[in-house]
Structure formats: structure tokens, C-alpha cells
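Trainee: Here's a structure for you.
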Amino acid sequence: MSKGRYSRILVLTASMCSALFALVSLPRDAAALEVTGTTPALHSMAARESAVTIDFDEAIDPATVTAGSFRVFGSGTGPAAGSITYENGGARLVLTPDEPFVTGELVHVNLSHSIATASNDSLRAAGFAFSFLIAADPATNAFTILDTMSNRTIPTAPTQIYGANACDLNDDGWLDLATVNESSADVRVSLSTADGTGTFGAFLAPVPIGPNASPNTAGDFDGDGAIDLAVSSSADTLYLLFGAGDGTFHTTVPYYAGDLPKGVVSLDADGDGDPDLAVSSRNETEVGLFTNDGAGVFSGPVSFNVPGVAGEYGLAAGDVNNDGITDLVATGLNSSTMRAMLGNGDGTFSPADTGAVPTGGPSWVVVLGDVNGDGNLDAATADVTGNGATILLGAGDGSFVPDAAYDAGGLVVSADLGDLDGDADLDLVISSYGAGIWRVYENDGSGSFTFQQDFTATSNPSCAILFDFDRDGDMDMVLTDEIADELLLAANQTQVSVAGPRPTEGNEAAPVSGSIVFASPNPFRSHTEIRFFAGAAGVVPFDLFDVAGRRVRTIAGAGRVRWDGNDERGLPVAPGVYFGRARGTAGDAGPAIRITRLR
């Protein structure tokens, strides 16, 4: 793959076709152009080959759709290059990427307020943003340690690796590793060997930054098509590392970021389509916003407090109230609380009405993801003295409720979410510095987690990076040990057996040997497409069951079926959770793919 540094120059063509789309409920400005739906849907899981579709209530002017006003960025693959077509009389915008997305990456879509109709009715001032996750293939969770890499270029010189970012820094389609190191005060890049073995090459020359750096985020901050990094340091500095597209960084720019900056996230805070940055400052107990001019030059920080949170430390970005504007979620090291700050779309934020909620202790890290399949973002916090992680369920209005705590046996420095078994829900990995383990908890699909396995560190874990490093479709892990300065490459094993719910009497059927791949969109409103491997060529029945095990619909298909949300009588099924499996004459029963129908 070769996107090139100017790959975001998009090809514009016209097409007048029709397609179904996922509706979203959005506020509307008077006489403003409105987004009425997206595919994939907000917070959904989607196929690697997905196109990105946005529906408007009016035809848009193609001249207003530019590389600056319409940005699609994969957290691993970076800026998405592709062709743009217009459908539905010009009211539907479709980006078909030149290359597929990669398993497990979060894809961010940002539309600027400059997008308008021919009569100059533009999007609201806040623009529009949404994100979706790329689905993982089913896997066994039987990990093999392929290699243990040393992060040290001089064997006796410690680096204290605390964080890392997995992204395609040299534009070859494979995700590389950039480690962020506290005591050596640098960033070190190891490029993927890009041969399917899941291995990485020797580290390139370290890039100097400030001491005790750890939190980091990726983005194309200067709009040149190459992935850049932003890293915070205890030297009161935010460092911008601008990528050259070959695995190196051509420029490093420091910004003053307050007293003891920690969390750093990228988001479009002011509706102009480009990525801005927010940084939490522990000692100043506030969050600072840096706004981008579109060319990678930032102003700020403009700082604000998070009421009810003290010693702001962990920071995450996501649309927690489902209004098409990205919000912030902050945790407090001093207060052991968490609160959402809702984006207004003009560079300002308002505290969620429900107030701050307790975490399981002082929290160093917060991550967001839909853990219970209801279409809303939930949170997982790494609770230092709580010796574990806390799951807080989101209601879709900016509020969260603490749900359950999960133990990891000692001082916890990180928590991460990812679909390790490929069953379309997010599992939990906790990095326990104190216990010397990485602990994996498996999600049952409802947001309830059970212990799955431990991985033992040589010394003390710092974090887990969840991504598909061998490109076989499932989620692998890179586990970092900050005292031994090691990276454990843990390769997952792809699953090859289909399973389904136990049917009630009269609905018996043996599942076909094979593997359900994914349903997209999921959750869904109007329709979902389910792809599966049936173990043999030809058309087979695919059964859909309600939570009581009653079969509600059977659809025949050869490797894929489309469900419109209706039962066998052609009547819409009620919103809720359903299960599906392929049917045949061989195989054993077990868990099925879980599909959620929204209102």
C-alpha cells in the first residue's frame, strides 16, 4: 500500500444510487444543513472493507468537500485515502477507501462546518463527528509469545517504557510501534517487518523529548497525510512529533502544557474539521485545550476545571451523549472521581449535569468503549490503589454509573479495552505494576467480565497495546514491562468453529462447522449484514433467536445474510438483544454472535 504524504487529496465522482443508512438523533440549527444518518453507525463495529457514508437532509455542494473539511482517520492506519461519490440526489456522501482499515482500530470521521449546500446552507457551527470500531475475527484467546523485545539500544541503559502507540508510521499498511520512555526521555520506533510473522525490526534512532513522558495520541495534525504523535511530559511540556511518512519524525515542537501534564487526546473541539488536542494537568487540576490552525500550529492552552474532579490525570475523548460532537472524560488522582465534559463544538465544554461519579480509587487512565452493546460509550478506569479496574456504564447523555470493579492483585497503572476473542464485544486487559501481571477479563456481551488468564512480567507491567500485528484478522497484544524494558509480542490464534444459543424444543439444529465473522452495523436500527464462514460451499440457513432461545427468523445465505429486523411474519422485532448462528449437520453448540436491535 502507498498512500503517499498527500494521500488525502480525494477523488470526487458523482453517482445517484440509493442505500439504507443508520439514523441518528441530532440537534438542528435553524436553516442549517443536517446530518441525518451514518454508515457505519456511531460506536458500532464494522468490517475492515467498510465504506464511510454520511446522509444529509439536502444535497451538498461538492466544492465544499475538501481534504480539510472531510477527514477520516484510523487510529492505526492514519488518514484514509479513497474516492468520493455522491448518491441520493447528492444528499449522500460516500468515501470508499483505497485500502481496508485494520482490525481493532478506532476510525474517526470529522465533518467541518464549512460543508454546505449550493444555496450556502452549511452544517452547524459545531460540525459533525462520529467514530466506529473495526471488528476482529473470532479467536481462541490462546496467545503465543512470539518474541520478547528489549526496548534498550544500550543494554545497560534503562529506558522505563511506559506507553506505546501502534500505527503505520512508514505507510506500508502494517502497524509499527512507537514506545514512549520515561527515564531515557525519548520516543523509539520499531517498524513492522511486514511479512506476516508479527515481528518488528531494530529500533530507529531515539527522538528526544522531556522526562517522564508517557500518555500519547496519534493524528495527522499538519494535514500532510503522514501520522504524527503528541506526547505529554512532566517537564510541563506537550511535544508534537511530525511524521515524515518513513518511520521517522522530521520536526519536534514543544508547547507549554501546564504544571505536570498527563493525559493527552486528539479531537475536533471547534467544528473546523482538523484535530485539536486536550491535555490534563494534575498539579493545576484542570484540562487545557490546544486549537489547531489546520497546518499543525497550535494555540493555547485555554484551560478549564472539571467540577468534582481534582488532580486531573486520566483523559479520554469520545461522543458520550451521542450528539455528533466529541466530548472529554477526565479522572482525578486526588479525588478518585470521574466526570464528562460535554463538547459545545466551539472550543468550550460544559460539565455533564449528573456530576462527578466515584471510581475505584485514584485513576491514572480512563478508556472509553461500548462494553454492553447498548450503543452508548462506557468507561474503564485504572485505579492505582484500588488494585484493579472499574467499569462505569454510560447512559448516552453524558452520565455514568459505576457498575463493577475487577481485581488485578496490586498497584494498577493501565486498563485497555479490545475484542480479543472476536465475539463483537470489548474485553478488558489490566496492567498491574504491583502484582507483576497483565490480567485479561472476558466480556459476556452484557458488560459483565470474568477472569480469563494472566501473563507474568519479568518485572513490572506498564501497559498493553491491543492490535493485529500479524494481519491475520484477530487481535494480538504487545505487553510492555517498564522496569525490565521489555515488549512481549503475544499472538492470538484465529478461531475456526461456529457456535450458537441452545434452541428451545422444536427449534433443534446442529451448527455448521465454521466461524461467524461479524455483523455490521451492530447495534443496528434498519438492517444489518451478517457474514460467516459455513465450513462448506453453498447456501445454508442462518437462524436468529431472541434471548429466550425462540427462533424468530431464518434467512438462507452463502457466507452472508442481510437481516431487516423483521420476524418470519414480516413484523419488526422488538428492540433488544438477539443471537444468530449458521445451521447445518455438524459441529457443537456454544455461544453465538450477539446482535442488538435499537429503537
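Residues in the C-alpha cells are named by chain (A, B, ... in the order shown) and by number from 1 within that chain; ligands are numbered from 1 in the order shown.
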Please produce, as a Markdown table, a per-residue contact table for segment 228-264 of chain A versus segment 187-200 of chain A (criterion: any atom at most 12 Å away, only C-alpha atoms considered), showing the nearest atom pair and its distance in Å to one decimal, sorted by chain then residue number.
Mentor:
| residue | atom | partner | partner_atom | distance |
| --- | --- | --- | --- | --- |
| A:Leu229 | CA | A:Val187 | CA | 9.8 |
| A:Ala230 | CA | A:Val187 | CA | 10.7 |
| A:Val231 | CA | A:Val187 | CA | 9.1 |
| A:Ser232 | CA | A:Val187 | CA | 11.5 |
| A:Ser233 | CA | A:Val187 | CA | 11.6 |
| A:Tyr239 | CA | A:Val187 | CA | 10.6 |
| A:Leu240 | CA | A:Val187 | CA | 11.4 |
| A:Leu241 | CA | A:Val187 | CA | 9.3 |
| A:Gly243 | CA | A:Val189 | CA | 11.4 |
| A:Gly245 | CA | A:Leu191 | CA | 11.8 |
| A:Asp246 | CA | A:Leu191 | CA | 9.5 |
| A:Gly247 | CA | A:Leu191 | CA | 7.0 |
| A:Thr248 | CA | A:Val189 | CA | 7.7 |
| A:Phe249 | CA | A:Val189 | CA | 9.8 |
| A:Thr252 | CA | A:Val187 | CA | 11.1 |
Trainee: Residues of segment 64-265 of chain A in strand (DSSP E) according to DSSP, as a count of residues only?
Mentor: 95
Trainee: Which is closest to Leu267 of chain A among A:Gly210, A:Gly219, A:Gly225, A:Gly90, if we use only C-alpha atoms?
Mentor: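 Checking each candidate against Leu267 of chain A, we get A:Gly219 as the closest.
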Trainee: Using only C-alpha atoms, which residues sit within 10 Å of Asp353 of chain A once same-chain residues fewer than 5 positions away are excluded, as a list of chain:residue names?
Mentor: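 Surrounding residues, per the criterion: A:Arg339, A:Ala340, A:Met341, A:Leu342, A:Asp397, A:Gly398, A:Ser399.
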Trainee: Selection from above, N, CA and C atoms, as a CSV table (one decimal), in the first residue's frame, can you write it?
Mentor:
chain,number,residue,atom,x,y,z
A,339,ARG,N,-15.7,12.5,35.6
A,339,ARG,CA,-16.8,13.3,35.0
A,339,ARG,C,-16.6,13.6,33.6
A,340,ALA,N,-17.7,13.7,32.8
A,340,ALA,CA,-17.7,14.0,31.4
A,340,ALA,C,-17.8,15.6,31.3
A,341,MET,N,-17.0,16.1,30.4
A,341,MET,CA,-17.2,17.5,30.0
A,341,MET,C,-17.7,17.5,28.5
A,342,LEU,N,-18.9,17.9,28.3
A,342,LEU,CA,-19.6,17.8,27.1
A,342,LEU,C,-19.2,18.9,26.1
A,397,ASP,N,-26.2,10.1,27.7
A,397,ASP,CA,-26.5,11.5,28.0
A,397,ASP,C,-25.3,12.2,28.7
A,398,GLY,N,-24.2,11.5,28.8
A,398,GLY,CA,-23.0,12.1,29.4
A,398,GLY,C,-22.9,11.6,30.9
A,399,SER,N,-23.8,10.9,31.4
A,399,SER,CA,-23.8,10.4,32.7
A,399,SER,C,-23.2,9.0,32.7
Trainee: Under the rule that only C-alpha atoms are counted, which of A:Ala269, A:Leu368, A:Val65, A:Ala519 is the nearest residue to Ala47 of chain A?
Mentor: A:Ala519
Trainee: Set the distance at 9 Å and use only C-alpha atoms: which residues neighbour Arg560 of chain A once local chain neighbours fewer than 5 positions away are removed? I'd like the list as a list of chain:residue names.
Mentor: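 Near Arg560 of chain A, the qualifying residues are A:Glu529, A:Ile530, A:Arg531, A:Phe532, A:Phe533, A:Phe542.
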Trainee: Near Asp327 of chain A, within 7 Å and counting only C-alpha atoms, which residues show up once chain neighbours fewer than 4 positions away are dropped, as a count of residues only?
Mentor: 7
Trainee: Would you kindly return, as JSON, numbers by chain, each protein, DNA or RNA residue with an atom no farther than 9 Å from any atom of segment 283-295 of chain A, considering only C-alpha atoms and excluding same-chain residues fewer than 5 positions away?
Mentor: {"A": [68, 221, 222, 223, 224, 257, 258, 259, 260, 261, 268, 269, 270, 272, 273, 274, 275, 276, 277, 278, 300, 301, 302, 303, 304, 305, 306, 309, 310, 311, 312, 313, 315, 330, 332, 347, 348]}
Trainee: Take the residues from that selection and put them in a file with C-alpha atoms, as a PDB file, in the first residue's frame.
Mentor:
ATOM      1  CA  GLY A  68      -9.684  19.809   5.162  1.00  0.00           C
ATOM      2  CA  PHE A 221      -2.016  17.328  12.786  1.00  0.00           C
ATOM      3  CA  ASP A 222      -0.492  19.163   9.817  1.00  0.00           C
ATOM      4  CA  GLY A 223      -2.686  17.530   7.151  1.00  0.00           C
ATOM      5  CA  ASP A 224       0.185  16.138   5.052  1.00  0.00           C
ATOM      6  CA  ALA A 257       1.082  22.497  28.835  1.00  0.00           C
ATOM      7  CA  GLY A 258       0.680  23.481  32.491  1.00  0.00           C
ATOM      8  CA  ASP A 259       2.076  22.028  35.702  1.00  0.00           C
ATOM      9  CA  LEU A 260       2.598  18.255  35.367  1.00  0.00           C
ATOM     10  CA  PRO A 261       0.582  17.421  32.226  1.00  0.00           C
ATOM     11  CA  ASP A 268     -12.051  18.349  16.798  1.00  0.00           C
ATOM     12  CA  ALA A 269     -13.216  20.710  19.522  1.00  0.00           C
ATOM     13  CA  ASP A 270     -14.254  23.698  17.397  1.00  0.00           C
ATOM     14  CA  ASP A 272     -13.487  23.137  11.738  1.00  0.00           C
ATOM     15  CA  GLY A 273     -12.605  19.518  10.890  1.00  0.00           C
ATOM     16  CA  ASP A 274      -8.961  19.461  11.993  1.00  0.00           C
ATOM     17  CA  PRO A 275      -7.631  17.676  15.096  1.00  0.00           C
ATOM     18  CA  ASP A 276      -7.154  19.746  18.238  1.00  0.00           C
ATOM     19  CA  LEU A 277      -5.533  18.497  21.457  1.00  0.00           C
ATOM     20  CA  ALA A 278      -6.630  18.374  25.083  1.00  0.00           C
ATOM     21  CA  GLY A 300      -3.350  27.658  23.791  1.00  0.00           C
ATOM     22  CA  PRO A 301      -3.753  26.140  26.157  1.00  0.00           C
ATOM     23  CA  VAL A 302      -7.123  27.533  27.161  1.00  0.00           C
ATOM     24  CA  SER A 303      -7.721  25.833  30.488  1.00  0.00           C
ATOM     25  CA  PHE A 304     -10.842  24.852  32.415  1.00  0.00           C
ATOM     26  CA  ASN A 305     -11.652  22.924  35.575  1.00  0.00           C
ATOM     27  CA  VAL A 306     -13.661  19.709  35.710  1.00  0.00           C
ATOM     28  CA  VAL A 309     -12.600  16.130  39.845  1.00  0.00           C
ATOM     29  CA  ALA A 310      -9.290  17.051  41.474  1.00  0.00           C
ATOM     30  CA  GLY A 311      -5.818  16.335  40.172  1.00  0.00           C
ATOM     31  CA  GLU A 312      -6.974  15.654  36.600  1.00  0.00           C
ATOM     32  CA  TYR A 313      -4.916  12.730  35.300  1.00  0.00           C
ATOM     33  CA  LEU A 315      -8.284  11.763  29.937  1.00  0.00           C
ATOM     34  CA  ALA A 330     -11.465  13.102  32.976  1.00  0.00           C
ATOM     35  CA  GLY A 332      -8.933  12.678  39.271  1.00  0.00           C
ATOM     36  CA  GLY A 347     -13.869  25.024  21.684  1.00  0.00           C
ATOM     37  CA  THR A 348     -15.661  25.101  25.037  1.00  0.00           C
TER      38      THR A 348
END
Trainee: Sorted by chain and rising residue number, list the residues of segment 128-229 of chain A at most 12 Å from segment 469-484 of chain A (counting only C-alpha atoms), each with its closest atom pair and distance in Å to one decimal, as a tab-separated table.
Mentor:
residue	atom	partner	partner_atom	distance
A:Ile134	CA	A:Gly473	CA	10.2
A:Ala135	CA	A:Asp474	CA	8.7
A:Ala136	CA	A:Asp474	CA	5.0
A:Asp137	CA	A:Asp474	CA	4.9
A:Pro138	CA	A:Asp474	CA	6.6
A:Ala139	CA	A:Asp474	CA	6.2
A:Thr140	CA	A:Asp474	CA	9.4
A:Asn141	CA	A:Met475	CA	9.0
A:Ala142	CA	A:Asp476	CA	10.3
A:Phe143	CA	A:Asp476	CA	7.9
A:Thr144	CA	A:Asp476	CA	9.5
A:Ile145	CA	A:Met477	CA	9.5
A:Leu146	CA	A:Val478	CA	10.2
A:Asp147	CA	A:Val478	CA	9.9
A:Thr148	CA	A:Leu479	CA	9.4
A:Met149	CA	A:Thr480	CA	9.5
A:Ser150	CA	A:Ala484	CA	8.2
A:Asn151	CA	A:Ala484	CA	8.8
A:Arg152	CA	A:Ala484	CA	9.5
A:Pro155	CA	A:Ala484	CA	10.7
A:Thr156	CA	A:Ala484	CA	10.9
A:Ala157	CA	A:Ala484	CA	11.0
A:Pro158	CA	A:Ile483	CA	7.8
A:Thr159	CA	A:Glu482	CA	7.7
A:Gln160	CA	A:Glu482	CA	4.5
A:Ile161	CA	A:Glu482	CA	4.6
A:Tyr162	CA	A:Glu482	CA	5.6
A:Gly163	CA	A:Thr480	CA	7.6
A:Ala164	CA	A:Thr480	CA	8.2
A:Asn165	CA	A:Val478	CA	10.2
A:Ala166	CA	A:Phe469	CA	8.7
A:Cys167	CA	A:Phe469	CA	10.0
A:Asp168	CA	A:Phe469	CA	10.7
A:Gly173	CA	A:Arg471	CA	9.6
A:Trp174	CA	A:Phe469	CA	7.4
A:Leu175	CA	A:Phe469	CA	6.4
A:Asp176	CA	A:Phe469	CA	8.1
A:Leu177	CA	A:Val478	CA	9.3
A:Ala178	CA	A:Val478	CA	11.6
A:Thr179	CA	A:Thr480	CA	9.1
A:Val180	CA	A:Glu482	CA	10.3
A:Asn181	CA	A:Glu482	CA	8.4
A:Glu182	CA	A:Glu482	CA	8.9
A:Ser183	CA	A:Glu482	CA	9.9
A:Ser184	CA	A:Glu482	CA	11.6
A:Leu191	CA	A:Phe469	CA	10.9
A:Ser192	CA	A:Phe469	CA	7.9
A:Thr193	CA	A:Asp470	CA	9.6
A:Ala194	CA	A:Asp470	CA	8.0
A:Asp195	CA	A:Asp470	CA	8.0
A:Gly196	CA	A:Asp470	CA	4.8
A:Thr197	CA	A:Asp470	CA	5.8
A:Gly198	CA	A:Asp470	CA	4.1
A:Thr199	CA	A:Asp470	CA	7.7
A:Phe200	CA	A:Phe469	CA	9.2
A:Asn212	CA	A:Glu482	CA	11.8
A:Ser214	CA	A:Glu482	CA	10.9
Trainee: If we count only C-alpha atoms, what is near segment 124-132 of chain A at a cut-off of 10 Å, once residues fewer than 5 positions away on the same chain are taken out, given as a PDB file with C-alpha atoms, in the first residue's frame?
Mentor:
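To be explicit, this is the file written out as out.pdb:
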ATOM      1  CA  LEU A  26     -29.212  15.198  16.273  1.00  0.00           C
ATOM      2  CA  PRO A  27     -29.965  18.768  17.348  1.00  0.00           C
ATOM      3  CA  ARG A  28     -30.661  21.104  14.432  1.00  0.00           C
ATOM      4  CA  ASP A  29     -29.667  24.724  13.950  1.00  0.00           C
ATOM      5  CA  ALA A  30     -32.176  26.939  12.185  1.00  0.00           C
ATOM      6  CA  ALA A  31     -31.696  26.823   8.379  1.00  0.00           C
ATOM      7  CA  ALA A  32     -28.631  24.612   8.804  1.00  0.00           C
ATOM      8  CA  LEU A  33     -27.619  21.598   6.767  1.00  0.00           C
ATOM      9  CA  GLU A  34     -28.209  18.486   8.879  1.00  0.00           C
ATOM     10  CA  VAL A  35     -26.596  15.049   9.057  1.00  0.00           C
ATOM     11  CA  THR A  38     -24.180   7.499   9.005  1.00  0.00           C
ATOM     12  CA  THR A  39     -22.907   4.095   8.000  1.00  0.00           C
ATOM     13  CA  PRO A  40     -21.196   2.647   9.949  1.00  0.00           C
ATOM     14  CA  ALA A  41     -23.281   3.866  12.857  1.00  0.00           C
ATOM     15  CA  LEU A  42     -21.884   5.777  15.810  1.00  0.00           C
ATOM     16  CA  HIS A  43     -19.964   3.468  18.220  1.00  0.00           C
ATOM     17  CA  SER A  44     -20.671   0.394  16.066  1.00  0.00           C
ATOM     18  CA  MET A  45     -18.299  -2.330  14.886  1.00  0.00           C
ATOM     19  CA  ALA A  46     -17.708  -2.536  11.154  1.00  0.00           C
ATOM     20  CA  SER A  69     -13.457  19.739   5.602  1.00  0.00           C
ATOM     21  CA  PHE A  70     -13.937  15.934   5.462  1.00  0.00           C
ATOM     22  CA  ARG A  71     -11.388  13.872   7.371  1.00  0.00           C
ATOM     23  CA  VAL A  72     -11.373  10.133   8.053  1.00  0.00           C
ATOM     24  CA  PHE A  73      -8.571   8.967  10.341  1.00  0.00           C
ATOM     25  CA  GLY A  74      -7.877   5.424  11.536  1.00  0.00           C
ATOM     26  CA  GLY A 104      -9.368  -3.214  16.185  1.00  0.00           C
ATOM     27  CA  GLU A 105      -8.628   0.349  15.116  1.00  0.00           C
ATOM     28  CA  LEU A 106     -10.934   3.226  16.013  1.00  0.00           C
ATOM     29  CA  VAL A 107     -11.934   5.255  12.950  1.00  0.00           C
ATOM     30  CA  HIS A 108     -12.706   8.942  13.486  1.00  0.00           C
ATOM     31  CA  VAL A 109     -14.811  10.889  10.975  1.00  0.00           C
ATOM     32  CA  ASN A 110     -14.904  14.695  11.159  1.00  0.00           C
ATOM     33  CA  LEU A 111     -17.059  16.993   9.034  1.00  0.00           C
ATOM     34  CA  SER A 112     -16.340  20.712   9.127  1.00  0.00           C
ATOM     35  CA  HIS A 113     -18.948  23.443   9.467  1.00  0.00           C
ATOM     36  CA  SER A 114     -17.749  24.638   6.061  1.00  0.00           C
ATOM     37  CA  ILE A 115     -19.590  21.812   4.257  1.00  0.00           C
ATOM     38  CA  ALA A 116     -22.662  23.405   2.682  1.00  0.00           C
ATOM     39  CA  LEU A 267     -10.425  15.675  18.945  1.00  0.00           C
ATOM     40  CA  ASP A 268     -12.051  18.349  16.798  1.00  0.00           C
ATOM     41  CA  ALA A 269     -13.216  20.710  19.522  1.00  0.00           C
ATOM     42  CA  ASP A 270     -14.254  23.698  17.397  1.00  0.00           C
ATOM     43  CA  GLY A 271     -16.019  22.160  14.399  1.00  0.00           C
ATOM     44  CA  ASP A 272     -13.487  23.137  11.738  1.00  0.00           C
ATOM     45  CA  GLY A 273     -12.605  19.518  10.890  1.00  0.00           C
ATOM     46  CA  GLY A 318     -15.498  10.333  22.660  1.00  0.00           C
ATOM     47  CA  ASP A 319     -19.119  11.250  21.962  1.00  0.00           C
ATOM     48  CA  ASN A 322     -24.457  10.900  21.053  1.00  0.00           C
ATOM     49  CA  ASP A 323     -24.950  14.384  19.602  1.00  0.00           C
ATOM     50  CA  GLY A 324     -22.235  14.291  16.935  1.00  0.00           C
ATOM     51  CA  ILE A 325     -19.816  16.432  18.993  1.00  0.00           C
ATOM     52  CA  THR A 326     -16.777  14.887  20.693  1.00  0.00           C
ATOM     53  CA  GLY A 343     -18.341  19.496  23.922  1.00  0.00           C
ATOM     54  CA  ASN A 344     -20.207  22.591  22.751  1.00  0.00           C
ATOM     55  CA  GLY A 345     -18.493  22.465  19.358  1.00  0.00           C
ATOM     56  CA  ASP A 346     -16.981  25.936  19.695  1.00  0.00           C
ATOM     57  CA  GLY A 347     -13.869  25.024  21.684  1.00  0.00           C
ATOM     58  CA  GLY A 369     -15.877   1.824  24.637  1.00  0.00           C
ATOM     59  CA  PRO A 521     -23.731  -2.361  11.712  1.00  0.00           C
TER      60      PRO A 521
END
Trainee: Find the residue from A:Gly355, A:Val412, A:Thr331, A:Ala582 that sits nearest to Ala379 of chain A; use only C-alpha atoms when measuring.
Mentor: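 So, comparing all the options, the nearest one is A:Thr331.
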Trainee: If you measure from atom CA of Ser520 of chain A to atom CA of Gly89 of chain A, what distance in Å do you get, rounded to one decimal?
Mentor: 25.1 Å
